[in-house]
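Below is one structure, written out as structure tokens; comments come after it.
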Amino acid sequence: MTGPAVPVGRPTATQAPRSVRALLDRFLIGSNGAIFVALVVLIVAFWLASPNGAFLSSLNVRAMILAASSVLVVAVGVTFVLIAGQLDLSIGSVLVLSGVVGIKVMTSLVDAGLGDAVAIAVGCLVVLLVGLACGVVNGLITVRLRIPSFIVTLGTLSIALGIAQLISVGPLSQQVPGAMNDTIGRGALLGIVPWPAVIAISVAFVGWVVLSQTTLGLACYAVGSNREAARRAGLPIGRLMILVFAIVGVCAGIAAIIDMSRFTTVSVAGYTNTALAAIAAVIIGGTSLFGGRGTITGTVVGTSIPVVLLSGLVILRVDPFWQNIVIGTMLIVAVAFDQLQRERISRGLTGGPAPEPTPPTDPGIPGESSAPAGGPGPD
Amino acid sequence: MHEATLLTATGLRKAFGHVQALRGVDLRIHEGEILGLIGDNGAGKSTLIGCLSGVIRPDTGSIIVDGQDVTFEGPHDARAHGIETVYQDLALAPDLEPAINLYLGREIVRPGILGRLRFADRGAMRREAATRLTQLGIDLPRLDRPVSYLSGGQRQAVAIARALIWARRLLLLDEPTAALGVRQSRMVHDVIRRVRDQGVTVVLISHNMADVLALTDRVVAMRLGSVAATFHTAEATADDLVAAITGSRAA
């Protein structure tokens with residue numbers, strides 16, 4: 001099929017195992033593949049080391065999934081923001097604020113004599129709207145005032161927390177209606193999969209679809225990869241920015257609903273570390289801090305690792321503080337890996353299976369007037 | 001060569017803060033010509049191209065395409081008139097594959113309901129891209145890897161291909177060969193001629209007088225934000241062009 005002008009040095013066998021190779025390539029591009037292997041190794045190691053394989057007992061697996069669920073929801077939102085080349089440090093405060101407001105609404109409605117069901121439904125809607133509003137505010141300030149989102153969200157981190165603290169001082173109950181804990185918090189789909197996990201997996205799936213399958217997802221990658229190129233390509237940069245912050249805001253709201261249901265309340269002081277932990281998990285999962293790269297699958301893996309580590313260490317009766325040390329190390333390694341890869345690529349030393357043809361050929365540029373360029377390109 | 005006018009710019013002014021980049025530029029682009037745009041650094045060439053491609057909005061002045069007064073709110077408006085641009089700095093998204101870059105902002109979507117939901121059809125874009133690149137005589141080793149894996153020349157090829165695929169009326173080239181070697185530059189020149197032969201008008205910014213003389217039909221020399229002189233290439237010498245750029249002699 002290919003003409004005789006196949007450059008020397010390109011392995012001729014690339015045609016047949018092409019898809020396998022492409023798959024492998026895609027898997028190893030970004031630290032995705034390595035981190036997935038690390039997760040599997042961890043799980044197997046803890047399983048073998050734990051007494052009677054208790055690590056993979058249904059009870060412990062359930063506990064781990066529950067522990068991961070709200071973090072995963074936040075991390076999905078963070079993935080969008082990071083890929084678009086932005087940062088959101090305010091997520092923890094947004095989670096708290098939306099939760100606190102939601103609880104206020106629920107208790108007021110219950111006091112007003114409306115049923116639990118109505119109170120919970122309206123309350124959850126309010127939680128999502130507050131999250132959405134916070135995200136839109138972050139996005140608007142970032143876009144309109146042209147302030148780096150790092151600074152904007154550092155500001156709103158403090159503002160949202162302050163508002164939450166103001167609201168949560170008062171005579172009203174700080175608890176969600178008991179029915180919310182009984183159903184969403186402790187119930188399970190078909191009695192097997194806990195609802196928080198169902199919610200988290202659904203969010204991750206929707207996030208994966210949007211990011212990897214839609215033009216909106218492509219636009220996020222483009223903006224984060226080269227903002228100026230995206231602008232010249234006619235993409236609505238401002239609206240995109242506001243949208244990714246809105247997405248992460250709604251995710252914070254969903255995470256708030258999960259935690260409110262599980263713990264019956266939202267601890268105002270309990271989320272100071274959430275944004276940084278989520279960003280760390282997302283970066284460990286192969287998403288670039290500098291934008292343009294990342295996957296939801298990577299984020300799922302990156303979110304699972306701290307949870308698996310903590311659970312495994314506890315079961316093995318190792319001091320669980322080791323988790324922090326290991327996660328911190330992995331974060332640095334992941335970023336170093338990303339940077340190293342960028343440098344290798346920019347120096348052209350990709351080590352990929354398509355070496356540059358011999359010097360006199362200029363592969364990328366239109367063939368010389370007469371010579372037809374090879375055969376039709378593969379695929 | 002008295003041909004129809006494709007685009008007329010009148011009295012274009014643009015200031016960036018205190019810097020007057022354009023001080024009232026009048027420009028006429030004839031249908032089907034290759035127009036050279038020369039000038040020293042800071043003469044306003046790139047700003048002018050920016051105005052024509054919709055990336056920069058002039059402070060005052062008008063742009064008329066096909067006899068119709070147009071206001072470009074953004075690059076998409078210029079594109080709607082069949083105007084495409086290749087920038088000095090390429091402007092590709094390095095983390096996306098060539099096919100996606102070719103279709104960025106104009107993605108092919110899946111058929112049916114998924115298309116309505118703006119689901120991108122990567123397969124179709126790759127196939128289309130492969131066909132188009134082959135038609136243009138551009139051979140990339142791999143189409144399924146991010147652009148960052150390509151060499152400088154290959155990236156330039158992608159950037160040019162993107163403009164060529166979409167340009168129906170006017171192709172604006174801002175120093176397309178600045179980053180390329182002699183040999184690669186010559187190939188780009190071949191492509192420029194081929195594009196013109198297909199009926200697309202070309203505006204070429206270049207610092208290389210030999211290139212300008214070899215390629216263009218007419219040359220516009222800019223100096224200090226306005227048009228200093230206009231030449232028919234056949235009647236001009238490199239000295240004339242340089243003199244017009246530096247202002248050492250009235251042309």
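By order of appearance in the structure tokens: chains A, B, ..., then residues from 1 within every chain, and ligands from 1 in the order shown.
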
| task | Could you give me, as a ChimeraX atom specification, the residues within 6 Å of Phe245 in chain A, counting only C-alpha atoms and dropping anything in the same chain fewer than 2 positions from it? | result | /A:135,139,242-243,247-248

| said: Could you tell me which residues of chain B sit within 7 Å of chain A when counting only C-alpha atoms, and give me the result as a ChimeraX atom specification? | reply: /B:55,74-76,91-95,104-105,107,118-120,127,130,134,136-141,148-149,151,153-154,157,184,187

For the residues selected in the previous step, produce a file with N, CA, C and O atoms as a compact mmCIF listing (two decimals), in the first residue's frame.
# COMPACT_ATOMS: atom_id res chain seq x y z
N VAL B 55 -8.47 39.13 14.09
CA VAL B 55 -7.90 38.94 15.42
C VAL B 55 -7.76 40.28 16.13
O VAL B 55 -7.92 40.38 17.35
N GLY B 74 -14.39 38.91 15.20
CA GLY B 74 -13.41 37.92 15.64
C GLY B 74 -12.97 37.12 14.44
O GLY B 74 -13.47 37.33 13.32
N PRO B 75 -12.03 36.18 14.65
CA PRO B 75 -11.50 35.40 13.55
C PRO B 75 -12.60 34.66 12.76
O PRO B 75 -12.50 34.51 11.54
N HIS B 76 -13.66 34.25 13.48
CA HIS B 76 -14.70 33.47 12.80
C HIS B 76 -15.41 34.29 11.73
O HIS B 76 -15.85 33.76 10.73
N ALA B 91 0.53 28.97 16.02
CA ALA B 91 -0.77 28.92 16.69
C ALA B 91 -1.46 27.57 16.54
O ALA B 91 -2.57 27.46 16.06
N LEU B 92 -0.76 26.54 16.95
CA LEU B 92 -1.38 25.21 17.05
C LEU B 92 -1.51 24.86 18.54
O LEU B 92 -0.79 25.40 19.36
N ALA B 93 -2.42 23.97 18.85
CA ALA B 93 -2.51 23.44 20.21
C ALA B 93 -1.62 22.21 20.27
O ALA B 93 -1.97 21.17 19.70
N PRO B 94 -0.47 22.29 20.94
CA PRO B 94 0.52 21.22 20.87
C PRO B 94 0.04 19.90 21.47
O PRO B 94 0.56 18.84 21.11
N ASP B 95 -0.94 19.95 22.37
CA ASP B 95 -1.36 18.71 23.01
C ASP B 95 -2.45 17.97 22.23
O ASP B 95 -2.86 16.90 22.62
N LEU B 104 -10.07 22.52 14.53
CA LEU B 104 -10.37 23.23 15.77
C LEU B 104 -11.32 24.39 15.51
O LEU B 104 -11.09 25.24 14.67
N GLY B 105 -12.42 24.41 16.27
CA GLY B 105 -13.42 25.44 16.09
C GLY B 105 -14.41 25.13 14.98
O GLY B 105 -15.41 25.83 14.83
N GLU B 107 -15.19 21.59 14.25
CA GLU B 107 -15.09 20.14 14.37
C GLU B 107 -16.18 19.43 13.57
O GLU B 107 -17.29 19.93 13.44
N ARG B 118 -23.18 17.70 20.11
CA ARG B 118 -21.80 18.13 19.85
C ARG B 118 -20.78 17.05 20.22
O ARG B 118 -19.73 17.34 20.78
N PHE B 119 -21.11 15.80 19.88
CA PHE B 119 -20.11 14.74 20.03
C PHE B 119 -19.18 14.80 18.82
O PHE B 119 -19.62 14.78 17.68
N ALA B 120 -17.89 14.89 19.09
CA ALA B 120 -16.92 15.03 18.02
C ALA B 120 -16.69 13.68 17.34
O ALA B 120 -16.71 12.63 17.97
N ARG B 127 -9.71 10.82 9.11
CA ARG B 127 -9.77 10.38 7.71
C ARG B 127 -9.72 11.58 6.78
O ARG B 127 -8.95 11.62 5.82
N ALA B 130 -6.30 13.12 6.75
CA ALA B 130 -5.34 12.33 5.98
C ALA B 130 -5.51 12.59 4.49
O ALA B 130 -4.53 12.80 3.77
N THR B 134 -2.77 14.57 2.14
CA THR B 134 -2.22 13.88 0.98
C THR B 134 -2.42 14.72 -0.28
O THR B 134 -1.51 14.86 -1.10
N LEU B 136 -2.51 17.84 -0.47
CA LEU B 136 -1.57 18.96 -0.45
C LEU B 136 -0.12 18.49 -0.55
O LEU B 136 0.79 19.29 -0.55
N GLY B 137 0.07 17.18 -0.61
CA GLY B 137 1.42 16.64 -0.71
C GLY B 137 2.16 16.69 0.61
O GLY B 137 3.38 16.70 0.64
N ILE B 138 1.42 16.75 1.73
CA ILE B 138 2.06 16.80 3.04
C ILE B 138 2.00 15.41 3.66
O ILE B 138 0.93 14.83 3.77
N ASP B 139 3.16 14.90 4.04
CA ASP B 139 3.21 13.54 4.57
C ASP B 139 3.69 13.57 6.02
O ASP B 139 4.85 13.86 6.29
N LEU B 140 2.80 13.33 6.95
CA LEU B 140 3.19 13.27 8.36
C LEU B 140 3.36 11.81 8.74
O LEU B 140 2.60 10.96 8.30
N PRO B 141 4.36 11.52 9.58
CA PRO B 141 4.58 10.12 9.95
C PRO B 141 3.40 9.54 10.71
O PRO B 141 3.01 8.40 10.49
N SER B 148 2.82 18.17 19.46
CA SER B 148 4.10 18.40 20.14
C SER B 148 5.13 17.34 19.76
O SER B 148 6.31 17.52 19.99
N TYR B 149 4.67 16.24 19.19
CA TYR B 149 5.60 15.20 18.77
C TYR B 149 6.19 15.45 17.39
O TYR B 149 7.02 14.70 16.92
N SER B 151 8.15 17.68 14.33
CA SER B 151 9.26 18.62 14.20
C SER B 151 8.73 19.98 13.78
O SER B 151 7.56 20.13 13.40
N GLY B 153 9.27 21.78 11.15
CA GLY B 153 8.80 21.82 9.77
C GLY B 153 7.44 21.15 9.63
O GLY B 153 6.57 21.65 8.91
N GLN B 154 7.28 20.05 10.33
CA GLN B 154 6.01 19.33 10.26
C GLN B 154 4.88 20.16 10.86
O GLN B 154 3.77 20.19 10.34
N ALA B 157 3.88 22.70 8.51
CA ALA B 157 3.06 22.09 7.46
C ALA B 157 1.61 21.96 7.92
O ALA B 157 0.68 22.23 7.16
N GLN B 184 12.95 23.73 2.81
CA GLN B 184 11.55 23.70 3.23
C GLN B 184 10.83 24.96 2.77
O GLN B 184 9.67 24.91 2.36
N MET B 187 9.66 24.69 -0.72
CA MET B 187 8.46 23.86 -0.85
C MET B 187 7.22 24.64 -0.47
O MET B 187 6.17 24.50 -1.09

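When the distance limit is 12 Å and only C-alpha atoms are what count, the residues near Asp211 in chain B, minus those fewer than 4 positions from it on the same chain, are Ile34, Leu35, Gly36, Leu37, Ile38, Glu175, Pro176, Thr177, Ala178, Val182, Ser185, Arg186, Val188, His189, Asp190, Ile192, Leu204, Ile205, Ser206, His207, Leu215, Thr216, Asp217, Val219, Thr233 and Ala238 of chain B.
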
| Surrounding residues of range 56-60 of chain A excluding itself and chain neighbours under 3 positions, 12 Å, only C-alpha atoms, as a PyMOL selection string | chain A and resi 42-53+63-67+192-194+307-308+310-312+314-315

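Residue nearest Ile100 in chain B within the list B:Val158, B:Val70, B:Ile64, B:Ala236: B:Val158 [criterion: smallest interatomic distance, only C-alpha atoms].
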
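Picture a line from CA of Asn324 in chain A to CA of Ala278 in chain A; it runs 13.3 Å.
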
| task | Have a look at B:Arg13, B:Arg23, B:Arg162, B:Arg193 and name the one nearest to Leu133 in chain B; count only C-alpha atoms. | result | B:Arg162

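Secondary structure of range 183-285 of chain A, strand (DSSP E) only (DSSP, backbone atoms): Ala188, Leu189, Val193 and Pro194 of chain A.
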
Can you write out the residues you just picked, keeping all heavy atoms, as a compact mmCIF listing (two decimals), in the first residue's frame?
# COMPACT_ATOMS: atom_id res chain seq x y z
N ALA A 188 -28.17 1.83 49.41
CA ALA A 188 -27.36 1.32 48.31
C ALA A 188 -28.27 0.93 47.16
O ALA A 188 -29.40 0.48 47.37
CB ALA A 188 -26.54 0.12 48.75
N LEU A 189 -27.76 1.11 45.96
CA LEU A 189 -28.50 0.72 44.77
C LEU A 189 -28.61 -0.80 44.75
O LEU A 189 -27.59 -1.50 44.84
CB LEU A 189 -27.76 1.22 43.52
CG LEU A 189 -28.33 0.81 42.17
CD1 LEU A 189 -29.71 1.38 41.96
CD2 LEU A 189 -27.40 1.24 41.06
N VAL A 193 -24.54 -1.42 45.73
CA VAL A 193 -23.66 -0.28 45.51
C VAL A 193 -24.16 0.92 46.29
O VAL A 193 -25.27 1.39 46.05
CB VAL A 193 -23.59 0.08 44.01
CG1 VAL A 193 -22.42 1.02 43.76
CG2 VAL A 193 -23.47 -1.17 43.18
N PRO A 194 -23.35 1.44 47.22
CA PRO A 194 -23.78 2.59 48.01
C PRO A 194 -24.11 3.78 47.11
O PRO A 194 -23.42 4.00 46.11
CB PRO A 194 -22.56 2.91 48.88
CG PRO A 194 -21.72 1.69 48.85
CD PRO A 194 -22.00 1.00 47.55

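Closest approach to Arg223 in chain B among B:Arg183, B:Arg132, B:Lys45, B:Arg79: B:Lys45, based on only C-alpha atoms.
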
| Separation of CA of Thr230 in chain B from CA of Leu6 in chain B, in Å and rounded to one decimal | 17.0 Å

| Expected answer as a ChimeraX atom specification: helix (DSSP H, G or I) residues in range 6-227 of chain B | /B:45-53,75-80,98-103,113-116,122-135,147-149,152-166,182-197,209-215

| query | Near Ala124 in chain B, counting only C-alpha atoms, which residues have an atom at most 9 Å away, once you skip same-chain residues fewer than 3 positions from it, shown as a ChimeraX atom specification? | reply | /B:108-110,120-121,127-129

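One finds CA of Thr183 in chain A at 21.8 Å from CA of Leu129 in chain A.
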
| query | If you count only C-alpha atoms, which residues fall within 10 Å of Val130 in chain A, apart from same-chain ones fewer than 5 positions away, as an MDAnalysis selection string? | reply | chainID A and resid 94:95 97:99 101:102 124:125 135:136 249:250 252:253

Please produce a file of those selected residues containing N, CA and C atoms, as a PDB file, in the first residue's frame.
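Below is the file that was written, part_37.pdb:
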ATOM      1  N   VAL A  94     -16.335  26.300  48.778  1.00  0.00           N
ATOM      2  CA  VAL A  94     -17.593  26.263  48.019  1.00  0.00           C
ATOM      3  C   VAL A  94     -18.433  25.082  48.489  1.00  0.00           C
ATOM      4  N   LEU A  95     -17.749  23.950  48.716  1.00  0.00           N
ATOM      5  CA  LEU A  95     -18.439  22.761  49.231  1.00  0.00           C
ATOM      6  C   LEU A  95     -19.118  23.085  50.569  1.00  0.00           C
ATOM      7  N   LEU A  97     -19.838  26.067  51.881  1.00  0.00           N
ATOM      8  CA  LEU A  97     -20.880  27.097  51.752  1.00  0.00           C
ATOM      9  C   LEU A  97     -22.172  26.508  51.199  1.00  0.00           C
ATOM     10  N   SER A  98     -22.045  25.740  50.108  1.00  0.00           N
ATOM     11  CA  SER A  98     -23.261  25.191  49.509  1.00  0.00           C
ATOM     12  C   SER A  98     -23.937  24.225  50.478  1.00  0.00           C
ATOM     13  N   GLY A  99     -23.124  23.475  51.215  1.00  0.00           N
ATOM     14  CA  GLY A  99     -23.692  22.538  52.188  1.00  0.00           C
ATOM     15  C   GLY A  99     -24.418  23.264  53.318  1.00  0.00           C
ATOM     16  N   VAL A 101     -25.661  26.302  53.338  1.00  0.00           N
ATOM     17  CA  VAL A 101     -26.884  26.920  52.832  1.00  0.00           C
ATOM     18  C   VAL A 101     -27.965  25.853  52.643  1.00  0.00           C
ATOM     19  N   GLY A 102     -27.561  24.710  52.084  1.00  0.00           N
ATOM     20  CA  GLY A 102     -28.522  23.631  51.855  1.00  0.00           C
ATOM     21  C   GLY A 102     -29.172  23.167  53.146  1.00  0.00           C
ATOM     22  N   CYS A 124     -31.278  20.061  48.159  1.00  0.00           N
ATOM     23  CA  CYS A 124     -30.214  19.578  47.259  1.00  0.00           C
ATOM     24  C   CYS A 124     -30.103  20.487  46.041  1.00  0.00           C
ATOM     25  N   LEU A 125     -31.258  20.896  45.541  1.00  0.00           N
ATOM     26  CA  LEU A 125     -31.250  21.799  44.380  1.00  0.00           C
ATOM     27  C   LEU A 125     -30.518  23.099  44.731  1.00  0.00           C
ATOM     28  N   GLY A 135     -19.030  28.934  41.225  1.00  0.00           N
ATOM     29  CA  GLY A 135     -18.184  28.668  40.065  1.00  0.00           C
ATOM     30  C   GLY A 135     -18.282  29.785  39.040  1.00  0.00           C
ATOM     31  N   VAL A 136     -19.496  30.218  38.767  1.00  0.00           N
ATOM     32  CA  VAL A 136     -19.691  31.281  37.777  1.00  0.00           C
ATOM     33  C   VAL A 136     -18.999  32.566  38.236  1.00  0.00           C
ATOM     34  N   GLY A 249     -17.752  24.061  40.248  1.00  0.00           N
ATOM     35  CA  GLY A 249     -18.649  24.523  41.311  1.00  0.00           C
ATOM     36  C   GLY A 249     -19.775  23.535  41.551  1.00  0.00           C
ATOM     37  N   VAL A 250     -20.386  23.081  40.465  1.00  0.00           N
ATOM     38  CA  VAL A 250     -21.469  22.099  40.598  1.00  0.00           C
ATOM     39  C   VAL A 250     -20.927  20.807  41.206  1.00  0.00           C
ATOM     40  N   ALA A 252     -18.512  20.560  43.323  1.00  0.00           N
ATOM     41  CA  ALA A 252     -18.375  20.806  44.765  1.00  0.00           C
ATOM     42  C   ALA A 252     -19.732  20.651  45.436  1.00  0.00           C
ATOM     43  N   GLY A 253     -20.789  21.136  44.778  1.00  0.00           N
ATOM     44  CA  GLY A 253     -22.135  20.988  45.322  1.00  0.00           C
ATOM     45  C   GLY A 253     -22.534  19.523  45.445  1.00  0.00           C
TER      46      GLY A 253
END

| field | Given only C-alpha atoms as the counted atoms, nearest of B:Phe231, B:Trp166, B:Phe16, B:Phe72 to Thr47 in chain B | value | B:Phe16

| Skipping near chain neighbours, those fewer than 4 positions away, what residues fall within 9 Å of Asp66 in chain B using only C-alpha atoms, listed as number ranges by chain? | B: 5-8
